[in-house]
$ cat coords.cif   # mmCIF, C-alpha atoms
data_query
#
loop_
_atom_site.label_atom_id
_atom_site.label_comp_id
_atom_site.auth_asym_id
_atom_site.auth_seq_id
_atom_site.Cartn_x
_atom_site.Cartn_y
_atom_site.Cartn_z
CA MET A 1 0.00 0.00 0.00
CA GLU A 2 1.40 3.37 -0.97
CA ILE A 3 0.02 6.89 -0.65
CA LYS A 4 0.35 8.79 -3.92
CA SER A 5 -1.27 12.18 -3.33
CA VAL A 6 -3.62 14.08 -1.01
CA LYS A 7 -6.14 16.73 -2.07
CA LYS A 8 -8.28 19.07 0.02
CA LEU A 9 -11.82 18.91 -1.38
CA THR A 10 -13.63 21.59 0.65
CA ASP A 11 -12.72 24.81 2.41
CA TYR A 12 -14.72 25.16 5.63
CA LYS A 13 -13.39 26.46 8.94
CA HIS A 14 -13.65 23.52 11.35
CA LEU A 15 -14.09 20.37 9.24
CA ASN A 16 -13.19 19.41 5.67
CA LEU A 17 -13.15 16.50 3.26
CA PHE A 18 -9.87 15.26 1.80
CA SER A 19 -9.16 12.74 -0.94
CA ILE A 20 -6.20 10.36 -0.98
CA ASN A 21 -4.96 8.56 -4.07
CA TYR A 22 -3.14 5.35 -3.14
CA GLN A 23 -2.00 2.07 -4.66
CA ASP A 24 -3.50 -1.09 -3.20
CA ARG A 25 -1.62 -4.36 -2.62
CA GLU A 26 -1.87 -5.22 -6.31
CA ASN A 27 -0.66 -1.77 -7.41
CA CYS A 28 -4.11 -0.67 -8.57
CA GLY A 29 -4.90 3.04 -8.19
CA LYS A 30 -7.60 3.66 -5.54
CA LYS A 31 -9.20 6.69 -3.89
CA TRP A 32 -10.23 7.20 -0.25
CA ILE A 33 -12.23 10.15 1.07
CA PHE A 34 -12.07 11.15 4.74
CA SER A 35 -12.97 14.09 6.96
CA SER A 36 -10.47 16.01 9.05
CA ARG A 37 -10.19 18.93 11.43
CA SER A 38 -6.67 19.54 10.11
CA LYS A 39 -5.63 23.07 9.20
CA TYR A 40 -3.02 21.69 6.77
CA LEU A 41 -3.49 21.10 3.04
CA ASN A 42 -2.11 17.60 3.65
CA PRO A 43 -3.27 16.16 7.00
CA LEU A 44 -0.85 13.22 6.58
CA GLU A 45 2.00 15.61 7.32
CA LYS A 46 0.54 16.20 10.77
CA LYS A 47 2.32 14.52 13.64
CA HIS A 48 -0.07 12.25 15.47
CA THR A 49 1.39 12.87 18.91
CA ASN A 50 -0.97 15.75 19.73
CA PRO A 51 -4.67 14.83 19.85
CA ASP A 52 -7.38 17.05 18.36
CA ALA A 53 -9.50 16.72 21.49
CA VAL A 54 -9.56 15.54 25.08
CA VAL A 55 -12.22 13.25 26.55
CA ILE A 56 -12.43 13.34 30.35
CA VAL A 57 -13.47 10.25 32.32
CA PRO A 58 -14.28 11.78 35.74
CA LEU A 59 -14.75 9.85 38.95
CA HIS A 60 -16.36 11.85 41.74
CA VAL A 61 -14.48 10.43 44.73
CA GLN A 62 -16.67 11.76 47.54
CA GLU A 63 -19.89 10.55 45.92
CA LYS A 64 -18.24 7.38 44.51
CA LYS A 65 -19.89 8.12 41.19
CA LEU A 66 -18.90 8.19 37.55
CA VAL A 67 -19.67 11.53 35.87
CA LEU A 68 -21.33 11.64 32.47
CA ILE A 69 -23.02 14.45 30.59
CA LYS A 70 -26.32 14.42 28.75
CA GLU A 71 -25.69 16.81 25.89
CA PHE A 72 -27.67 18.09 22.91
CA ARG A 73 -25.81 16.94 19.80
CA VAL A 74 -26.71 19.02 16.79
CA CYS A 75 -25.75 16.39 14.24
CA LEU A 76 -27.89 13.76 16.00
CA GLY A 77 -30.79 16.18 16.43
CA GLY A 78 -31.15 15.07 20.04
CA TYR A 79 -29.53 14.28 23.36
CA GLN A 80 -26.61 11.90 23.81
CA PHE A 81 -24.88 10.55 26.92
CA GLY A 82 -21.12 10.82 26.85
CA PHE A 83 -18.12 12.16 28.71
CA PRO A 84 -17.18 15.83 28.96
CA ALA A 85 -14.90 16.63 26.02
CA GLY A 86 -13.55 19.39 23.87
CA LEU A 87 -10.85 20.49 21.48
CA VAL A 88 -7.37 21.10 22.84
CA ASP A 89 -6.66 24.79 22.27
CA ARG A 90 -3.39 25.95 20.77
CA GLY A 91 -0.70 26.18 23.46
CA GLU A 92 -2.68 24.04 25.90
CA THR A 93 -1.59 20.65 27.23
CA VAL A 94 -4.08 17.77 27.19
CA THR A 95 -4.34 17.97 30.99
CA GLN A 96 -4.97 21.72 30.95
CA ALA A 97 -7.66 21.31 28.29
CA GLY A 98 -9.23 18.45 30.26
CA LYS A 99 -9.40 20.49 33.47
CA ARG A 100 -10.86 23.48 31.60
CA GLU A 101 -13.48 21.47 29.70
CA LEU A 102 -14.60 19.53 32.79
CA TYR A 103 -15.11 22.81 34.65
CA GLU A 104 -16.87 24.58 31.75
CA GLU A 105 -19.20 21.67 31.00
CA THR A 106 -19.97 20.39 34.53
CA GLY A 107 -18.64 22.88 37.11
CA LEU A 108 -16.51 20.11 38.65
CA SER A 109 -12.79 20.44 39.47
CA VAL A 110 -10.06 17.89 38.82
CA THR A 111 -8.27 16.82 42.01
CA LYS A 112 -6.03 14.12 40.52
CA VAL A 113 -5.14 12.81 37.06
CA LEU A 114 -5.21 9.01 37.18
CA LYS A 115 -4.25 8.12 33.61
CA LYS A 116 -3.76 9.79 30.23
CA SER A 117 -4.00 7.89 26.95
CA PRO A 118 -1.87 8.73 23.94
CA ALA A 119 -3.62 10.28 20.94
CA VAL A 120 -5.96 7.48 19.85
CA PHE A 121 -8.22 7.53 16.78
CA SER A 122 -12.01 7.95 16.79
CA SER A 123 -12.84 6.06 13.59
CA SER A 124 -9.96 5.92 11.15
CA GLY A 125 -12.04 4.49 8.29
CA MET A 126 -13.59 7.93 7.87
CA THR A 127 -11.55 10.50 9.82
CA ASP A 128 -8.08 11.16 11.21
CA GLU A 129 -9.61 12.69 14.36
CA SER A 130 -7.72 11.73 17.47
CA VAL A 131 -8.51 12.15 21.15
CA SER A 132 -6.67 11.66 24.40
CA LEU A 133 -8.60 10.06 27.25
CA LEU A 134 -7.96 11.70 30.62
CA PHE A 135 -9.07 9.60 33.61
CA VAL A 136 -9.42 11.91 36.60
CA GLN A 137 -10.72 12.19 40.12
CA CYS A 138 -12.87 15.27 40.68
CA ARG A 139 -14.88 17.17 43.27
CA GLY A 140 -17.53 19.85 43.50
CA LYS A 141 -21.21 20.35 42.80
CA PRO A 142 -22.43 20.07 39.21
CA THR A 143 -23.68 23.21 37.49
CA ASN A 144 -24.28 24.23 33.88
CA ARG A 145 -23.74 27.94 34.47
CA PHE A 146 -20.33 27.87 32.74
CA ASN A 147 -21.79 26.35 29.54
CA GLU A 148 -21.57 28.31 26.32
CA THR A 149 -24.88 29.35 24.74
CA SER A 150 -24.38 26.72 22.03
CA GLU A 151 -24.05 24.04 24.74
CA ASP A 152 -27.02 22.32 26.35
CA ILE A 153 -25.53 20.06 28.99
CA GLN A 154 -26.80 18.26 32.07
CA THR A 155 -24.32 16.55 34.40
CA ILE A 156 -25.21 13.00 35.37
CA MET A 157 -23.63 11.36 38.44
CA LEU A 158 -23.89 7.58 38.26
CA SER A 159 -23.54 4.88 40.89
CA ARG A 160 -22.87 1.36 39.64
CA GLU A 161 -26.58 0.55 39.97
CA ASN A 162 -27.59 3.70 38.04
CA ALA A 163 -25.07 2.75 35.33
CA GLU A 164 -26.74 -0.62 34.88
CA ASP A 165 -30.20 0.99 34.65
CA LEU A 166 -29.04 3.57 32.14
CA LEU A 167 -27.43 0.93 29.91
CA SER A 168 -30.66 -1.04 29.79
CA ASP A 169 -32.68 1.96 28.60
CA THR A 170 -33.12 1.33 24.87
CA ASN A 171 -34.11 4.93 24.10
CA THR A 172 -30.79 6.38 25.23
CA LYS A 173 -28.11 7.42 22.75
CA PHE A 174 -24.53 6.83 23.87
CA ASP A 175 -21.12 7.88 22.70
CA VAL A 176 -19.15 4.66 22.08
CA LYS A 177 -16.45 5.46 24.66
CA SER A 178 -18.95 6.10 27.42
CA TRP A 179 -20.87 2.92 26.54
CA ILE A 180 -17.74 0.77 26.89
CA ILE A 181 -16.57 2.40 30.13
CA LEU A 182 -20.08 2.42 31.60
CA ASN A 183 -20.29 -1.33 31.02
CA THR A 184 -17.00 -1.88 32.82
CA PHE A 185 -18.11 0.41 35.64
CA ALA A 186 -21.48 -1.38 35.97
CA SER A 187 -19.67 -4.72 36.18
CA CYS A 188 -18.06 -3.54 39.45
CA VAL A 189 -14.64 -3.26 37.91
CA VAL A 190 -12.25 -0.64 39.25
CA ILE A 191 -11.42 1.91 36.54
CA MET B 1 -31.80 24.36 21.06
CA GLU B 2 -33.74 23.90 17.84
CA ILE B 3 -32.74 22.51 14.45
CA LYS B 4 -33.85 24.84 11.66
CA SER B 5 -32.57 23.30 8.42
CA VAL B 6 -30.10 20.76 7.04
CA LYS B 7 -28.12 21.10 3.80
CA LYS B 8 -25.95 18.59 1.96
CA LEU B 9 -22.72 20.37 1.03
CA THR B 10 -20.91 17.75 -1.08
CA ASP B 11 -21.88 14.88 -3.35
CA TYR B 12 -19.42 12.00 -2.94
CA LYS B 13 -20.31 8.32 -2.83
CA HIS B 14 -19.31 7.16 0.66
CA LEU B 15 -18.87 10.27 2.80
CA ASN B 16 -20.23 13.81 2.66
CA LEU B 17 -20.34 17.06 4.58
CA PHE B 18 -23.64 18.48 5.80
CA SER B 19 -24.51 21.81 7.36
CA ILE B 20 -27.13 22.34 10.05
CA ASN B 21 -28.66 25.68 10.93
CA TYR B 22 -29.90 25.74 14.51
CA GLN B 23 -30.86 28.16 17.26
CA ASP B 24 -28.78 28.11 20.42
CA ARG B 25 -30.14 28.49 23.97
CA GLU B 26 -30.40 32.27 23.51
CA ASN B 27 -32.20 31.93 20.13
CA CYS B 28 -29.14 33.01 18.14
CA GLY B 29 -28.75 31.44 14.68
CA LYS B 30 -25.73 29.11 14.53
CA LYS B 31 -24.26 26.68 12.00
CA TRP B 32 -22.68 23.25 12.55
CA ILE B 33 -20.85 21.23 9.90
CA PHE B 34 -20.50 17.46 10.21
CA SER B 35 -19.60 14.45 8.06
CA SER B 36 -21.93 11.55 7.40
CA ARG B 37 -22.13 8.27 5.52
CA SER B 38 -25.88 8.87 5.13
CA LYS B 39 -27.47 8.34 1.72
CA TYR B 40 -30.26 10.78 2.64
CA LEU B 41 -30.38 14.49 1.89
CA ASN B 42 -31.21 15.00 5.57
CA PRO B 43 -29.32 12.55 7.81
CA LEU B 44 -31.42 13.69 10.79
CA GLU B 45 -34.37 11.81 9.30
CA LYS B 46 -32.41 8.57 9.65
CA LYS B 47 -33.47 6.29 12.46
CA HIS B 48 -30.56 5.68 14.79
CA THR B 49 -31.47 2.10 15.60
CA ASN B 50 -29.37 0.60 12.79
CA PRO B 51 -25.63 1.26 13.05
CA ASP B 52 -23.49 2.17 10.03
CA ALA B 53 -20.86 -0.35 11.01
CA VAL B 54 -20.03 -3.27 13.30
CA VAL B 55 -16.92 -3.51 15.45
CA ILE B 56 -16.08 -7.04 16.58
CA VAL B 57 -14.35 -7.67 19.93
CA PRO B 58 -13.17 -11.28 19.51
CA LEU B 59 -11.93 -13.54 22.29
CA HIS B 60 -10.11 -16.65 21.07
CA VAL B 61 -11.29 -19.14 23.69
CA GLN B 62 -8.82 -21.97 23.01
CA GLU B 63 -5.81 -19.64 23.05
CA LYS B 64 -7.27 -17.41 25.81
CA LYS B 65 -6.32 -14.41 23.75
CA LEU B 66 -7.91 -11.16 22.64
CA VAL B 67 -7.83 -10.69 18.86
CA LEU B 68 -6.80 -7.37 17.34
CA ILE B 69 -5.80 -6.42 13.83
CA LYS B 70 -2.88 -4.30 12.68
CA GLU B 71 -4.27 -2.56 9.62
CA PHE B 72 -2.98 -0.02 7.13
CA ARG B 73 -5.20 3.03 7.48
CA VAL B 74 -5.08 5.22 4.39
CA CYS B 75 -6.13 8.40 6.17
CA LEU B 76 -3.44 7.96 8.83
CA GLY B 77 -0.80 7.05 6.23
CA GLY B 78 0.29 4.12 8.38
CA TYR B 79 -0.64 1.12 10.48
CA GLN B 80 -3.14 1.21 13.35
CA PHE B 81 -4.14 -1.41 15.92
CA GLY B 82 -7.87 -1.88 16.28
CA PHE B 83 -10.65 -4.44 16.18
CA PRO B 84 -11.96 -6.08 13.01
CA ALA B 85 -14.78 -3.90 11.68
CA GLY B 86 -16.79 -3.02 8.63
CA LEU B 87 -19.97 -1.52 7.27
CA VAL B 88 -23.22 -3.42 7.77
CA ASP B 89 -24.45 -4.29 4.27
CA ARG B 90 -28.05 -3.68 3.25
CA GLY B 91 -30.25 -6.57 4.39
CA GLU B 92 -27.64 -7.85 6.85
CA THR B 93 -28.08 -8.01 10.61
CA VAL B 94 -25.30 -6.67 12.84
CA THR B 95 -24.44 -10.23 13.88
CA GLN B 96 -24.26 -11.44 10.27
CA ALA B 97 -22.04 -8.51 9.32
CA GLY B 98 -19.82 -9.15 12.34
CA LYS B 99 -19.36 -12.83 11.50
CA ARG B 100 -18.60 -11.98 7.86
CA GLU B 101 -16.13 -9.20 8.64
CA LEU B 102 -14.28 -11.25 11.27
CA TYR B 103 -13.85 -14.07 8.76
CA GLU B 104 -12.82 -11.80 5.88
CA GLU B 105 -10.33 -9.81 7.91
CA THR B 106 -8.83 -12.53 10.14
CA GLY B 107 -9.99 -15.96 8.89
CA LEU B 108 -11.47 -16.66 12.36
CA SER B 109 -15.01 -17.99 12.96
CA VAL B 110 -17.50 -16.79 15.56
CA THR B 111 -18.58 -19.60 17.92
CA LYS B 112 -20.69 -17.53 20.31
CA VAL B 113 -22.01 -13.97 20.54
CA LEU B 114 -21.47 -12.73 24.11
CA LYS B 115 -22.91 -9.22 23.90
CA LYS B 116 -24.14 -6.72 21.32
CA SER B 117 -24.25 -2.99 21.97
CA PRO B 118 -26.95 -0.74 20.55
CA ALA B 119 -25.92 1.72 17.81
CA VAL B 120 -23.49 3.99 19.66
CA PHE B 121 -21.81 7.08 18.22
CA SER B 122 -18.15 7.38 17.19
CA SER B 123 -17.65 11.12 17.73
CA SER B 124 -20.87 13.09 17.55
CA GLY B 125 -19.14 16.49 17.59
CA MET B 126 -18.11 15.86 13.99
CA THR B 127 -20.08 12.90 12.60
CA ASP B 128 -23.32 10.97 13.03
CA GLU B 129 -21.47 7.68 12.37
CA SER B 130 -22.69 4.91 14.65
CA VAL B 131 -21.33 1.44 15.31
CA SER B 132 -22.51 -1.62 17.16
CA LEU B 133 -19.95 -3.48 19.26
CA LEU B 134 -20.21 -7.25 18.96
CA PHE B 135 -18.37 -9.15 21.70
CA VAL B 136 -17.79 -12.71 20.49
CA GLN B 137 -15.95 -15.93 21.18
CA CYS B 138 -14.12 -17.28 18.13
CA ARG B 139 -11.94 -20.12 16.90
CA GLY B 140 -9.62 -20.96 14.01
CA LYS B 141 -6.19 -20.05 12.70
CA PRO B 142 -5.60 -16.46 11.57
CA THR B 143 -5.01 -15.82 7.87
CA ASN B 144 -5.17 -12.76 5.63
CA ARG B 145 -6.05 -14.68 2.47
CA PHE B 146 -9.66 -13.46 2.55
CA ASN B 147 -8.59 -9.79 2.66
CA GLU B 148 -9.59 -7.51 -0.19
CA THR B 149 -6.72 -6.01 -2.25
CA SER B 150 -7.38 -2.64 -0.61
CA GLU B 151 -6.91 -4.23 2.83
CA ASP B 152 -3.53 -4.77 4.44
CA ILE B 153 -4.27 -6.61 7.67
CA GLN B 154 -2.29 -8.67 10.15
CA THR B 155 -4.14 -10.53 12.93
CA ILE B 156 -2.67 -10.08 16.40
CA MET B 157 -3.51 -12.54 19.20
CA LEU B 158 -2.83 -11.02 22.60
CA SER B 159 -2.40 -12.54 26.03
CA ARG B 160 -2.85 -10.22 29.01
CA GLU B 161 0.94 -9.80 29.22
CA ASN B 162 1.21 -9.00 25.50
CA ALA B 163 -1.59 -6.45 25.91
CA GLU B 164 0.36 -4.64 28.60
CA ASP B 165 3.52 -4.60 26.46
CA LEU B 166 1.64 -3.30 23.41
CA LEU B 167 0.02 -0.51 25.41
CA SER B 168 3.40 0.69 26.65
CA ASP B 169 4.81 0.98 23.11
CA THR B 170 4.67 4.71 22.40
CA ASN B 171 5.08 4.26 18.62
CA THR B 172 1.85 2.32 18.23
CA LYS B 173 -1.32 3.95 16.88
CA PHE B 174 -4.57 2.70 18.43
CA ASP B 175 -8.22 3.00 17.65
CA VAL B 176 -9.88 4.48 20.76
CA LYS B 177 -12.19 1.48 21.34
CA SER B 178 -9.33 -1.00 21.23
CA TRP B 179 -7.23 1.15 23.56
CA ILE B 180 -9.97 1.22 26.21
CA ILE B 181 -10.76 -2.50 25.98
CA LEU B 182 -7.07 -3.46 25.83
CA ASN B 183 -6.53 -1.57 29.09
CA THR B 184 -9.37 -3.42 30.75
CA PHE B 185 -8.07 -6.73 29.36
CA ALA B 186 -4.51 -5.99 30.56
CA SER B 187 -5.85 -5.22 34.05
CA CYS B 188 -7.01 -8.86 34.35
CA VAL B 189 -10.64 -7.93 34.16
CA VAL B 190 -13.06 -10.34 32.55
CA ILE B 191 -14.64 -8.85 29.44
#
$ encode --input "coords.cif" --output "structure tokens"
Amino acid sequence: MEIKSVKKLTDYKHLNLFSINYQDRENCGKKWIFSSRSKYLNPLEKKHTNPDAVVIVPLHVQEKKLVLIKEFRVCLGGYQFGFPAGLVDRGETVTQAGKRELYEETGLSVTKVLKKSPAVFSSSGMTDESVSLLFVQCRGKPTNRFNETSEDIQTIMLSRENAEDLLSDTNTKFDVKSWIILNTFASCVVI
Amino acid sequence: MEIKSVKKLTDYKHLNLFSINYQDRENCGKKWIFSSRSKYLNPLEKKHTNPDAVVIVPLHVQEKKLVLIKEFRVCLGGYQFGFPAGLVDRGETVTQAGKRELYEETGLSVTKVLKKSPAVFSSSGMTDESVSLLFVQCRGKPTNRFNETSEDIQTIMLSRENAEDLLSDTNTKFDVKSWIILNTFASCVVI
């Protein structure tokens, strides 16, 4: 497999389509279209060490609860359960962005970072988007008063029993990361 | 928050950009661009019960190993570790698609389906793509002879110790789902 050329197909601010010409294993010319947040004309030149976004997995120590958010997702036209998350701003570290986003979206404060993933990929069949998962302990009382006007967020604090109930509700939409971690959490496994 | 209108911005075969006009919490007009595999002019009309794709989490019972694939990902310009996966074809169930994709990508056969997630979302800040996770037991000997010519796949069978080693390799690219599950697997937790 060999990449031959990359072309930017659209010119929007936050998200664009790109086309890659490549040779397959039998040297046939093929084309692959993907979406990217990249600011470069060729996203393949980007180093993959810095993630586009941070996803915070917050454990509220005092309450012994896992923190999720129920958020209006424009492109789903409805509410989805997931973890607090956001883009890493220029000049910010993943940890700084994680602390900021958790506070803005839930009002909670990070007390300890437990684990930080490398930049891992959301769905590399269709996008080069990468995120870093930041597992943290946090404290405080949830509030949505630091939300932006384009955000509609409710903080959800889940015990293991609540997690099980939520997972069994067939009308609920989940982000894939929260579904996996919620399952582990509900199975009484230490995260 | 209220969706006002949806517009298809591009006209490619497998992936397109769409624009949504919506009103934020203070009734200001805003715009959100996202990518979608949807064949509809308005992806918001799509029911979210059927996922776009299936992601198989295979446990090789005889070998007591978790199965991953190391796959060339065109839009990353390199290899990534992840789970076998693929689009659910028209008329196929998620389980049928999962069995087919596992066989095509690894040569392994499903012996038992352990768990199937609902359609959960890959990264709903930028796409409405949804996947169903299919946790299965499998058997057989890995081979890549059923790969398509545009696929470059190596099957990786991991013990808990191997999983730990792989996670500590800083040069490895991971899909986010495999990174989370690999961590759980490495921590000696039953999946």
$ residues_near_point --input "coords.cif" --point "(-4.5, -3.8, 0.6)" --cutoff "10 Å" --atoms "all atoms listed in the file" --output "PyMOL selection string"
(chain A and resi 1-2+22-28) or (chain B and resi 71-74+147-153)
$ resolve_selection --input "coords.cif" --expression "the PyMOL selection byres ((chain A) within 7 of (chain B))" --output "list in words"
Ile3, Leu15, Asp24, Arg25, Glu26, Ile33, Phe34, Ser35, Leu44, Arg73, Cys75, Leu76, Gly77, Val120, Phe121, Ser122, Ser123, Ser124, Thr127, Asp128, Thr149, Ser150, Lys173, Phe174, Asp175, Val176 and Lys177 of chain A
$ resolve_selection --input "coords.cif" --expression "the PyMOL selection byres ((chain B and resi 139) around 7)" --output "list of chain:residue names"
B:His60, B:Val61, B:Leu108, B:Ser109, B:Val110, B:Thr111, B:Cys138, B:Gly140
$ write_last_selection --input "coords.cif" --atoms "C-alpha atoms" --output "mmCIF file, keeping the file's coordinate frame"
data_model
loop_
_atom_site.group_PDB
_atom_site.id
_atom_site.type_symbol
_atom_site.label_atom_id
_atom_site.label_comp_id
_atom_site.auth_asym_id
_atom_site.auth_seq_id
_atom_site.Cartn_x
_atom_site.Cartn_y
_atom_site.Cartn_z
ATOM 1 C CA HIS B 60 -10.110 -16.650 21.070
ATOM 2 C CA VAL B 61 -11.290 -19.140 23.690
ATOM 3 C CA LEU B 108 -11.470 -16.660 12.360
ATOM 4 C CA SER B 109 -15.010 -17.990 12.960
ATOM 5 C CA VAL B 110 -17.500 -16.790 15.560
ATOM 6 C CA THR B 111 -18.580 -19.600 17.920
ATOM 7 C CA CYS B 138 -14.120 -17.280 18.130
ATOM 8 C CA GLY B 140 -9.620 -20.960 14.010
#
$ resolve_selection --input "coords.cif" --expression "the PyMOL selection byres ((chain A and resi 99) around 12)" --output "number ranges by chain"
A: 54-58, 84-86, 88, 92-98, 100-113, 134-139
$ write_last_selection --input "coords.cif" --atoms "C-alpha atoms" --output "compact mmCIF listing (two decimals), keeping the file's coordinate frame"
# COMPACT_ATOMS: atom_id res chain seq x y z
CA VAL A 54 -9.56 15.54 25.08
CA VAL A 55 -12.22 13.25 26.55
CA ILE A 56 -12.43 13.34 30.35
CA VAL A 57 -13.47 10.25 32.32
CA PRO A 58 -14.28 11.78 35.74
CA PRO A 84 -17.18 15.83 28.96
CA ALA A 85 -14.90 16.63 26.02
CA GLY A 86 -13.55 19.39 23.87
CA VAL A 88 -7.37 21.10 22.84
CA GLU A 92 -2.68 24.04 25.90
CA THR A 93 -1.59 20.65 27.23
CA VAL A 94 -4.08 17.77 27.19
CA THR A 95 -4.34 17.97 30.99
CA GLN A 96 -4.97 21.72 30.95
CA ALA A 97 -7.66 21.31 28.29
CA GLY A 98 -9.23 18.45 30.26
CA ARG A 100 -10.86 23.48 31.60
CA GLU A 101 -13.48 21.47 29.70
CA LEU A 102 -14.60 19.53 32.79
CA TYR A 103 -15.11 22.81 34.65
CA GLU A 104 -16.87 24.58 31.75
CA GLU A 105 -19.20 21.67 31.00
CA THR A 106 -19.97 20.39 34.53
CA GLY A 107 -18.64 22.88 37.11
CA LEU A 108 -16.51 20.11 38.65
CA SER A 109 -12.79 20.44 39.47
CA VAL A 110 -10.06 17.89 38.82
CA THR A 111 -8.27 16.82 42.01
CA LYS A 112 -6.03 14.12 40.52
CA VAL A 113 -5.14 12.81 37.06
CA LEU A 134 -7.96 11.70 30.62
CA PHE A 135 -9.07 9.60 33.61
CA VAL A 136 -9.42 11.91 36.60
CA GLN A 137 -10.72 12.19 40.12
CA CYS A 138 -12.87 15.27 40.68
CA ARG A 139 -14.88 17.17 43.27
$ atom_distance --input "coords.cif" --atom1 "CA of Arg145 in chain B" --atom2 "CA of Asp89 in chain B"
21.2 Å
$ residues_around --input "coords.cif" --residues "Lys64 in chain A" --least-positions-apart "6" --cutoff "10 Å" --atoms "all atoms listed in the file" --output "VMD selection string"
chain A and resid 137 157 to 160
$ atom_distance --input "coords.cif" --atom1 "CA of Lys141 in chain B" --atom2 "CA of Leu66 in chain B"
13.4 Å
$ atom_distance --input "coords.cif" --atom1 "CA of Lys65 in chain A" --atom2 "CA of Asn144 in chain A"
18.2 Å
$ residues_around --input "coords.cif" --residues "Ala163 in chain B" --least-positions-apart "6" --cutoff "8 Å" --atoms "all atoms listed in the file" --output "list of chain:residue names"
B:Leu182, B:Asn183, B:Phe185, B:Ala186
$ closest_residue --input "coords.cif" --among "A:Glu164, A:Asp169, A:Pro142, A:Gln154" --to "Ile69 in chain A" --atoms "only C-alpha atoms"
A:Gln154
$ axis_aligned_box --input "coords.cif" --around "range 127-135 of chain A" --padding-each-side "6 Å" --output "lines of an AutoDock Vina configuration file"
center_x = -9.1
center_y = 11.1
center_z = 21.7
size_x = 16.9
size_y = 15.1
size_z = 35.8
